$ cat work-v2.txt   # compact mmCIF, N, CA and C atoms
# COMPACT_ATOMS: atom_id res chain seq x y z
N MET A 1 12.52 18.72 17.61
CA MET A 1 11.21 18.27 17.99
C MET A 1 10.88 18.80 19.38
N ALA A 2 9.68 19.31 19.52
CA ALA A 2 9.26 19.87 20.81
C ALA A 2 9.20 18.76 21.86
N GLN A 3 9.60 19.09 23.05
CA GLN A 3 9.56 18.15 24.15
C GLN A 3 8.42 18.53 25.08
N HIS A 4 7.88 17.55 25.77
CA HIS A 4 6.77 17.77 26.68
C HIS A 4 7.05 17.06 28.00
N PRO A 5 8.06 17.51 28.74
CA PRO A 5 8.51 16.79 29.92
C PRO A 5 7.49 16.73 31.05
N ASP A 6 6.57 17.68 31.10
CA ASP A 6 5.60 17.71 32.19
C ASP A 6 4.41 16.79 31.95
N HIS A 7 4.38 16.13 30.82
CA HIS A 7 3.22 15.31 30.46
C HIS A 7 3.66 13.88 30.17
N PRO A 8 3.62 13.02 31.19
CA PRO A 8 4.09 11.64 31.00
C PRO A 8 3.29 10.88 29.93
N GLU A 9 2.06 11.31 29.66
CA GLU A 9 1.28 10.63 28.63
C GLU A 9 1.87 10.82 27.24
N TYR A 10 2.79 11.75 27.11
CA TYR A 10 3.44 12.01 25.83
C TYR A 10 4.82 11.36 25.75
N SER A 11 5.12 10.40 26.60
CA SER A 11 6.48 9.88 26.66
C SER A 11 6.68 8.48 26.07
N SER A 12 5.63 7.82 25.64
CA SER A 12 5.81 6.46 25.13
C SER A 12 6.55 6.46 23.80
N ALA A 13 7.14 5.33 23.48
CA ALA A 13 7.85 5.20 22.20
C ALA A 13 6.87 5.36 21.03
N LEU A 14 5.67 4.82 21.18
CA LEU A 14 4.66 4.93 20.12
C LEU A 14 4.23 6.38 19.92
N PHE A 15 4.10 7.12 21.01
CA PHE A 15 3.76 8.54 20.89
C PHE A 15 4.86 9.28 20.14
N LYS A 16 6.11 9.03 20.50
CA LYS A 16 7.23 9.70 19.84
C LYS A 16 7.30 9.36 18.36
N LYS A 17 7.05 8.11 18.03
CA LYS A 17 7.03 7.66 16.63
C LYS A 17 5.91 8.38 15.87
N GLY A 18 4.73 8.42 16.47
CA GLY A 18 3.59 9.09 15.85
C GLY A 18 3.78 10.59 15.75
N LEU A 19 4.38 11.17 16.76
CA LEU A 19 4.61 12.61 16.76
C LEU A 19 5.51 13.03 15.61
N GLU A 20 6.51 12.24 15.34
CA GLU A 20 7.41 12.55 14.23
C GLU A 20 6.65 12.60 12.89
N VAL A 21 5.83 11.59 12.65
CA VAL A 21 5.06 11.54 11.40
C VAL A 21 4.02 12.64 11.37
N ARG A 22 3.33 12.81 12.46
CA ARG A 22 2.28 13.85 12.54
C ARG A 22 2.85 15.23 12.24
N ARG A 23 4.00 15.52 12.79
CA ARG A 23 4.64 16.83 12.55
C ARG A 23 5.05 16.97 11.08
N GLU A 24 5.55 15.91 10.48
CA GLU A 24 5.97 15.96 9.08
C GLU A 24 4.77 16.17 8.15
N VAL A 25 3.65 15.53 8.46
CA VAL A 25 2.48 15.59 7.59
C VAL A 25 1.65 16.84 7.82
N LEU A 26 1.38 17.17 9.07
CA LEU A 26 0.50 18.29 9.38
C LEU A 26 1.24 19.60 9.63
N GLY A 27 2.53 19.52 9.84
CA GLY A 27 3.32 20.71 10.13
C GLY A 27 3.58 20.85 11.61
N ALA A 28 4.82 21.14 11.94
CA ALA A 28 5.23 21.23 13.34
C ALA A 28 4.47 22.33 14.09
N GLU A 29 4.25 23.44 13.44
CA GLU A 29 3.56 24.56 14.12
C GLU A 29 2.15 24.14 14.56
N TYR A 30 1.43 23.49 13.67
CA TYR A 30 0.07 23.05 14.01
C TYR A 30 0.09 22.02 15.14
N VAL A 31 0.93 20.99 14.98
CA VAL A 31 0.96 19.89 15.95
C VAL A 31 1.44 20.39 17.31
N ASP A 32 2.53 21.14 17.33
CA ASP A 32 3.05 21.63 18.60
C ASP A 32 2.04 22.55 19.29
N GLY A 33 1.31 23.33 18.50
CA GLY A 33 0.26 24.18 19.06
C GLY A 33 -0.86 23.35 19.67
N SER A 34 -1.25 22.28 18.98
CA SER A 34 -2.30 21.40 19.50
C SER A 34 -1.89 20.77 20.82
N LEU A 35 -0.65 20.33 20.90
CA LEU A 35 -0.17 19.72 22.13
C LEU A 35 -0.04 20.75 23.25
N ALA A 36 0.48 21.91 22.92
CA ALA A 36 0.67 22.95 23.93
C ALA A 36 -0.66 23.47 24.48
N ASN A 37 -1.68 23.50 23.64
CA ASN A 37 -2.98 24.03 24.07
C ASN A 37 -3.87 23.00 24.73
N ALA A 38 -3.44 21.75 24.76
CA ALA A 38 -4.26 20.69 25.36
C ALA A 38 -4.19 20.77 26.88
N ASP A 39 -5.35 20.87 27.50
CA ASP A 39 -5.38 20.84 28.96
C ASP A 39 -5.38 19.38 29.43
N GLU A 40 -5.46 19.19 30.73
CA GLU A 40 -5.39 17.84 31.29
C GLU A 40 -6.46 16.93 30.67
N PHE A 41 -7.67 17.44 30.47
CA PHE A 41 -8.76 16.66 29.88
C PHE A 41 -8.46 16.28 28.44
N PHE A 42 -7.95 17.22 27.66
CA PHE A 42 -7.77 17.02 26.22
C PHE A 42 -6.49 16.26 25.88
N ARG A 43 -5.55 16.18 26.82
CA ARG A 43 -4.30 15.46 26.55
C ARG A 43 -4.54 13.99 26.24
N ALA A 44 -5.57 13.40 26.81
CA ALA A 44 -5.89 11.99 26.52
C ALA A 44 -6.22 11.82 25.03
N PHE A 45 -6.93 12.80 24.46
CA PHE A 45 -7.24 12.75 23.04
C PHE A 45 -5.97 12.90 22.21
N GLN A 46 -5.11 13.83 22.59
CA GLN A 46 -3.85 14.03 21.87
C GLN A 46 -3.01 12.75 21.91
N LYS A 47 -3.01 12.09 23.04
CA LYS A 47 -2.23 10.86 23.19
C LYS A 47 -2.75 9.78 22.25
N ILE A 48 -4.05 9.51 22.28
CA ILE A 48 -4.58 8.42 21.47
C ILE A 48 -4.49 8.74 19.98
N THR A 49 -4.70 9.98 19.61
CA THR A 49 -4.57 10.37 18.20
C THR A 49 -3.14 10.18 17.71
N THR A 50 -2.20 10.66 18.49
CA THR A 50 -0.80 10.58 18.08
C THR A 50 -0.31 9.14 18.06
N GLU A 51 -0.69 8.36 19.06
CA GLU A 51 -0.23 6.97 19.11
C GLU A 51 -0.93 6.09 18.07
N MET A 52 -2.24 6.13 18.05
CA MET A 52 -2.98 5.19 17.21
C MET A 52 -3.00 5.62 15.74
N ALA A 53 -3.45 6.82 15.47
CA ALA A 53 -3.55 7.25 14.07
C ALA A 53 -2.17 7.42 13.46
N TRP A 54 -1.31 8.17 14.14
CA TRP A 54 -0.03 8.54 13.55
C TRP A 54 1.07 7.52 13.84
N GLY A 55 1.10 6.95 15.02
CA GLY A 55 2.15 5.98 15.37
C GLY A 55 1.88 4.58 14.85
N GLU A 56 0.62 4.16 14.85
CA GLU A 56 0.26 2.81 14.40
C GLU A 56 -0.08 2.78 12.91
N ILE A 57 -1.00 3.62 12.48
CA ILE A 57 -1.53 3.52 11.12
C ILE A 57 -0.65 4.22 10.09
N TRP A 58 -0.30 5.48 10.33
CA TRP A 58 0.47 6.23 9.32
C TRP A 58 1.88 5.69 9.13
N THR A 59 2.36 4.86 10.02
CA THR A 59 3.72 4.31 9.87
C THR A 59 3.71 2.91 9.27
N ARG A 60 2.54 2.37 8.99
CA ARG A 60 2.47 1.03 8.38
C ARG A 60 3.00 1.09 6.95
N PRO A 61 3.61 0.00 6.48
CA PRO A 61 4.21 0.01 5.14
C PRO A 61 3.23 -0.22 3.99
N GLY A 62 1.98 -0.59 4.25
CA GLY A 62 1.06 -1.00 3.18
C GLY A 62 0.64 0.08 2.21
N LEU A 63 0.60 1.32 2.65
CA LEU A 63 0.21 2.45 1.80
C LEU A 63 1.20 3.59 1.98
N SER A 64 1.36 4.37 0.94
CA SER A 64 2.22 5.56 1.04
C SER A 64 1.47 6.67 1.76
N ARG A 65 2.18 7.67 2.17
CA ARG A 65 1.53 8.83 2.79
C ARG A 65 0.57 9.49 1.81
N LYS A 66 0.96 9.54 0.55
CA LYS A 66 0.09 10.12 -0.47
C LYS A 66 -1.22 9.34 -0.54
N GLN A 67 -1.13 8.03 -0.58
CA GLN A 67 -2.35 7.21 -0.64
C GLN A 67 -3.21 7.39 0.60
N ARG A 68 -2.58 7.44 1.76
CA ARG A 68 -3.33 7.65 3.00
C ARG A 68 -4.03 9.01 2.98
N SER A 69 -3.35 10.03 2.48
CA SER A 69 -3.97 11.35 2.38
C SER A 69 -5.17 11.32 1.44
N MET A 70 -5.02 10.62 0.33
CA MET A 70 -6.13 10.54 -0.63
C MET A 70 -7.34 9.86 0.00
N LEU A 71 -7.11 8.79 0.74
CA LEU A 71 -8.20 8.12 1.44
C LEU A 71 -8.86 9.04 2.46
N ASN A 72 -8.04 9.78 3.20
CA ASN A 72 -8.59 10.68 4.20
C ASN A 72 -9.50 11.73 3.57
N LEU A 73 -9.11 12.26 2.42
CA LEU A 73 -9.94 13.27 1.78
C LEU A 73 -11.32 12.71 1.45
N GLY A 74 -11.35 11.50 0.92
CA GLY A 74 -12.63 10.88 0.62
C GLY A 74 -13.46 10.60 1.86
N MET A 75 -12.81 10.06 2.89
CA MET A 75 -13.54 9.72 4.11
C MET A 75 -14.03 10.97 4.84
N LEU A 76 -13.21 11.99 4.91
CA LEU A 76 -13.62 13.20 5.61
C LEU A 76 -14.72 13.93 4.86
N THR A 77 -14.70 13.83 3.53
CA THR A 77 -15.80 14.38 2.74
C THR A 77 -17.08 13.61 3.07
N ALA A 78 -17.00 12.28 3.07
CA ALA A 78 -18.17 11.44 3.36
C ALA A 78 -18.73 11.72 4.75
N LEU A 79 -17.84 11.96 5.69
CA LEU A 79 -18.27 12.21 7.07
C LEU A 79 -18.69 13.65 7.31
N ASN A 80 -18.49 14.51 6.30
CA ASN A 80 -18.81 15.94 6.42
C ASN A 80 -18.11 16.56 7.63
N ARG A 81 -16.80 16.45 7.61
CA ARG A 81 -15.96 17.00 8.68
C ARG A 81 -15.07 18.10 8.10
N PRO A 82 -15.62 19.30 7.87
CA PRO A 82 -14.88 20.34 7.15
C PRO A 82 -13.60 20.81 7.83
N ASN A 83 -13.56 20.87 9.14
CA ASN A 83 -12.33 21.32 9.81
C ASN A 83 -11.20 20.33 9.60
N GLU A 84 -11.49 19.05 9.75
CA GLU A 84 -10.48 18.03 9.52
C GLU A 84 -10.15 17.92 8.04
N LEU A 85 -11.15 18.11 7.18
CA LEU A 85 -10.90 18.08 5.73
C LEU A 85 -9.92 19.18 5.34
N LYS A 86 -10.10 20.35 5.89
CA LYS A 86 -9.20 21.47 5.60
C LYS A 86 -7.77 21.12 6.04
N LEU A 87 -7.62 20.59 7.23
CA LEU A 87 -6.32 20.21 7.74
C LEU A 87 -5.68 19.13 6.86
N HIS A 88 -6.46 18.13 6.51
CA HIS A 88 -5.91 17.02 5.74
C HIS A 88 -5.76 17.37 4.26
N MET A 89 -6.44 18.40 3.80
CA MET A 89 -6.20 18.85 2.43
C MET A 89 -4.81 19.46 2.33
N ARG A 90 -4.44 20.25 3.34
CA ARG A 90 -3.08 20.80 3.39
C ARG A 90 -2.06 19.66 3.49
N ALA A 91 -2.36 18.68 4.32
CA ALA A 91 -1.47 17.53 4.49
C ALA A 91 -1.34 16.77 3.17
N ALA A 92 -2.44 16.63 2.45
CA ALA A 92 -2.40 15.93 1.16
C ALA A 92 -1.46 16.64 0.20
N LEU A 93 -1.52 17.97 0.16
CA LEU A 93 -0.61 18.72 -0.70
C LEU A 93 0.84 18.48 -0.26
N THR A 94 1.07 18.47 1.04
CA THR A 94 2.41 18.19 1.58
C THR A 94 2.87 16.79 1.15
N ASN A 95 1.94 15.85 1.10
CA ASN A 95 2.26 14.46 0.76
C ASN A 95 2.26 14.19 -0.73
N GLY A 96 2.19 15.24 -1.54
CA GLY A 96 2.33 15.07 -2.98
C GLY A 96 1.06 14.85 -3.77
N VAL A 97 -0.10 14.99 -3.13
CA VAL A 97 -1.36 14.89 -3.86
C VAL A 97 -1.53 16.20 -4.63
N THR A 98 -1.77 16.10 -5.92
CA THR A 98 -1.91 17.30 -6.74
C THR A 98 -3.33 17.87 -6.65
N ARG A 99 -3.47 19.09 -7.08
CA ARG A 99 -4.79 19.71 -7.10
C ARG A 99 -5.72 18.96 -8.04
N ASP A 100 -5.20 18.48 -9.15
CA ASP A 100 -6.03 17.70 -10.07
C ASP A 100 -6.48 16.39 -9.42
N GLU A 101 -5.60 15.76 -8.67
CA GLU A 101 -5.99 14.53 -7.97
C GLU A 101 -7.04 14.84 -6.90
N ILE A 102 -6.87 15.95 -6.19
CA ILE A 102 -7.87 16.35 -5.20
C ILE A 102 -9.22 16.57 -5.88
N LYS A 103 -9.21 17.23 -7.02
CA LYS A 103 -10.45 17.45 -7.77
C LYS A 103 -11.11 16.12 -8.10
N GLU A 104 -10.35 15.16 -8.57
CA GLU A 104 -10.91 13.85 -8.93
C GLU A 104 -11.46 13.12 -7.71
N ILE A 105 -10.76 13.20 -6.60
CA ILE A 105 -11.23 12.58 -5.35
C ILE A 105 -12.57 13.19 -4.96
N LEU A 106 -12.67 14.51 -5.04
CA LEU A 106 -13.89 15.19 -4.64
C LEU A 106 -15.03 14.94 -5.61
N LEU A 107 -14.72 14.83 -6.89
CA LEU A 107 -15.78 14.50 -7.87
C LEU A 107 -16.33 13.10 -7.58
N GLN A 108 -15.45 12.17 -7.29
CA GLN A 108 -15.91 10.81 -6.97
C GLN A 108 -16.74 10.84 -5.69
N ALA A 109 -16.31 11.63 -4.72
CA ALA A 109 -17.07 11.76 -3.48
C ALA A 109 -18.46 12.34 -3.74
N CYS A 110 -18.57 13.25 -4.70
CA CYS A 110 -19.89 13.81 -5.05
C CYS A 110 -20.85 12.69 -5.44
N VAL A 111 -20.38 11.74 -6.22
CA VAL A 111 -21.23 10.66 -6.70
C VAL A 111 -21.60 9.70 -5.56
N TYR A 112 -20.62 9.34 -4.74
CA TYR A 112 -20.86 8.33 -3.72
C TYR A 112 -21.34 8.88 -2.38
N CYS A 113 -21.07 10.16 -2.12
CA CYS A 113 -21.44 10.75 -0.82
C CYS A 113 -22.56 11.77 -0.95
N GLY A 114 -22.83 12.20 -2.16
CA GLY A 114 -23.87 13.19 -2.39
C GLY A 114 -23.29 14.54 -2.78
N ILE A 115 -24.04 15.24 -3.58
CA ILE A 115 -23.63 16.55 -4.06
C ILE A 115 -23.40 17.55 -2.92
N PRO A 116 -24.26 17.61 -1.89
CA PRO A 116 -24.00 18.57 -0.81
C PRO A 116 -22.65 18.34 -0.12
N ALA A 117 -22.31 17.08 0.13
CA ALA A 117 -21.00 16.79 0.74
C ALA A 117 -19.88 17.18 -0.19
N GLY A 118 -20.04 16.88 -1.48
CA GLY A 118 -19.03 17.25 -2.46
C GLY A 118 -18.88 18.76 -2.60
N LEU A 119 -20.00 19.45 -2.59
CA LEU A 119 -19.96 20.92 -2.70
C LEU A 119 -19.19 21.52 -1.54
N ASP A 120 -19.48 21.07 -0.34
CA ASP A 120 -18.74 21.58 0.83
C ASP A 120 -17.25 21.27 0.72
N ALA A 121 -16.92 20.09 0.23
CA ALA A 121 -15.52 19.71 0.08
C ALA A 121 -14.84 20.57 -0.98
N PHE A 122 -15.52 20.85 -2.10
CA PHE A 122 -14.96 21.72 -3.12
C PHE A 122 -14.73 23.13 -2.56
N LYS A 123 -15.67 23.64 -1.79
CA LYS A 123 -15.51 24.97 -1.17
C LYS A 123 -14.30 24.98 -0.23
N THR A 124 -14.14 23.90 0.51
CA THR A 124 -12.99 23.79 1.41
C THR A 124 -11.70 23.77 0.60
N ALA A 125 -11.69 23.03 -0.49
CA ALA A 125 -10.49 22.96 -1.34
C ALA A 125 -10.12 24.33 -1.88
N VAL A 126 -11.09 25.05 -2.37
CA VAL A 126 -10.83 26.40 -2.92
C VAL A 126 -10.23 27.28 -1.83
N GLU A 127 -10.78 27.22 -0.62
CA GLU A 127 -10.27 28.01 0.50
C GLU A 127 -8.82 27.63 0.82
N VAL A 128 -8.54 26.35 0.89
CA VAL A 128 -7.18 25.89 1.19
C VAL A 128 -6.22 26.31 0.09
N PHE A 129 -6.60 26.15 -1.17
CA PHE A 129 -5.73 26.53 -2.28
C PHE A 129 -5.40 28.02 -2.22
N LYS A 130 -6.39 28.84 -1.92
CA LYS A 130 -6.15 30.29 -1.80
C LYS A 130 -5.16 30.59 -0.68
N GLU A 131 -5.32 29.91 0.45
CA GLU A 131 -4.40 30.12 1.58
C GLU A 131 -2.99 29.69 1.22
N VAL A 132 -2.87 28.56 0.58
CA VAL A 132 -1.55 28.04 0.17
C VAL A 132 -0.91 28.98 -0.83
N ASP A 133 -1.67 29.45 -1.81
CA ASP A 133 -1.15 30.35 -2.82
C ASP A 133 -0.73 31.69 -2.21
N LYS A 134 -1.49 32.15 -1.24
CA LYS A 134 -1.18 33.42 -0.57
C LYS A 134 0.14 33.32 0.18
N LYS A 135 0.37 32.18 0.82
CA LYS A 135 1.62 31.98 1.56
C LYS A 135 2.82 31.91 0.62
N LYS A 136 2.61 31.41 -0.61
CA LYS A 136 3.69 31.32 -1.58
C LYS A 136 4.05 32.68 -2.16
N ALA A 137 3.09 33.58 -2.18
CA ALA A 137 3.29 34.90 -2.81
C ALA A 137 4.15 35.82 -1.99
$ encode --input "work-v2.txt" --output "structure tokens"
Amino acid sequence: MAQHPDHPEYSSALFKKGLEVRREVLGAEYVDGSLANADEFFRAFQKITTEMAWGEIWTRPGLSRKQRSMLNLGMLTALNRPNELKLHMRAALTNGVTRDEIKEILLQACVYCGIPAGLDAFKTAVEVFKEVDKKKA
């Protein structure tokens, strides 16, 4: 696990707990890059995201990582956040969400969030699937 000795904001037990989960779900390369590229201003965001989202919520026992990923796909589609949707679509695949399950989540989002939001989410899924398949080849 990457260490960040020069940044005391990254030293709490909750941060370390969240960092472990965040790296497992999103990938160490992505997470370590995000932390390394954060300047003094942006480190506060990295701290709260890692502690609250990943250390507090993603470690709770009530839902599996797969279920949390499925919820995120629906919420990010509803919020029309394509960059985060792309990131969490990869995470969903890592957490065992199948492409068929992703399709069903996005179809349901089309009905409840609107066709334009669903269309953008489907386009994002196709892009992510192509990238994943290319890396496997």
$ closest_residue --input "work-v2.txt" --among "A:Ala92, A:Val111, A:Ala121, A:Val21" --to "Arg68 (chain A)" --atoms "only N, CA and C atoms"
A:Ala92
$ select_by_dssp --input "work-v2.txt" --residues "chain A" --states "alpha helix (DSSP H)" --output "VMD selection string"
chain A and resid 13 to 26 28 to 37 40 to 48 65 to 79 82 to 94 99 to 113 115 to 136
$ atom_distance --input "work-v2.txt" --atom1 "atom N of Lys130 (chain A)" --atom2 "atom N of Trp58 (chain A)"
27.1 Å
$ residues_around --input "work-v2.txt" --residues "region 94-96 of chain A" --least-positions-apart "2" --cutoff "6.5 Å" --atoms "only N, CA and C atoms" --output "VMD selection string"
chain A and resid 25 65 to 66 89 to 92 98
$ residues_near_point --input "work-v2.txt" --point "(-12.6, 13.2, 1.9)" --cutoff "8 Å" --atoms "only C-alpha atoms" --output "VMD selection string"
chain A and resid 70 to 79 85 105 to 106 109 121
$ atom_distance --input "work-v2.txt" --atom1 "CA of Cys113 (chain A)" --atom2 "CA of Arg81 (chain A)"
12.6 Å
$ atom_distance --input "work-v2.txt" --atom1 "CA of Phe122 (chain A)" --atom2 "CA of Gly33 (chain A)"
27.0 Å
$ axis_aligned_box --input "work-v2.txt" --around "region 63-80 of chain A" --padding-each-side "3 Å" --output "lines of an AutoDock Vina configuration file"
center_x = -8.3
center_y = 8.9
center_z = 3.5
size_x = 27.0
size_y = 21.2
size_z = 14.3
$ residues_around --input "work-v2.txt" --residues "region 36-48 of chain A" --least-positions-apart "4" --cutoff "7 Å" --atoms "only N, CA and C atoms" --output "ChimeraX atom specification"
/A:9-10,15,31-32,52-54
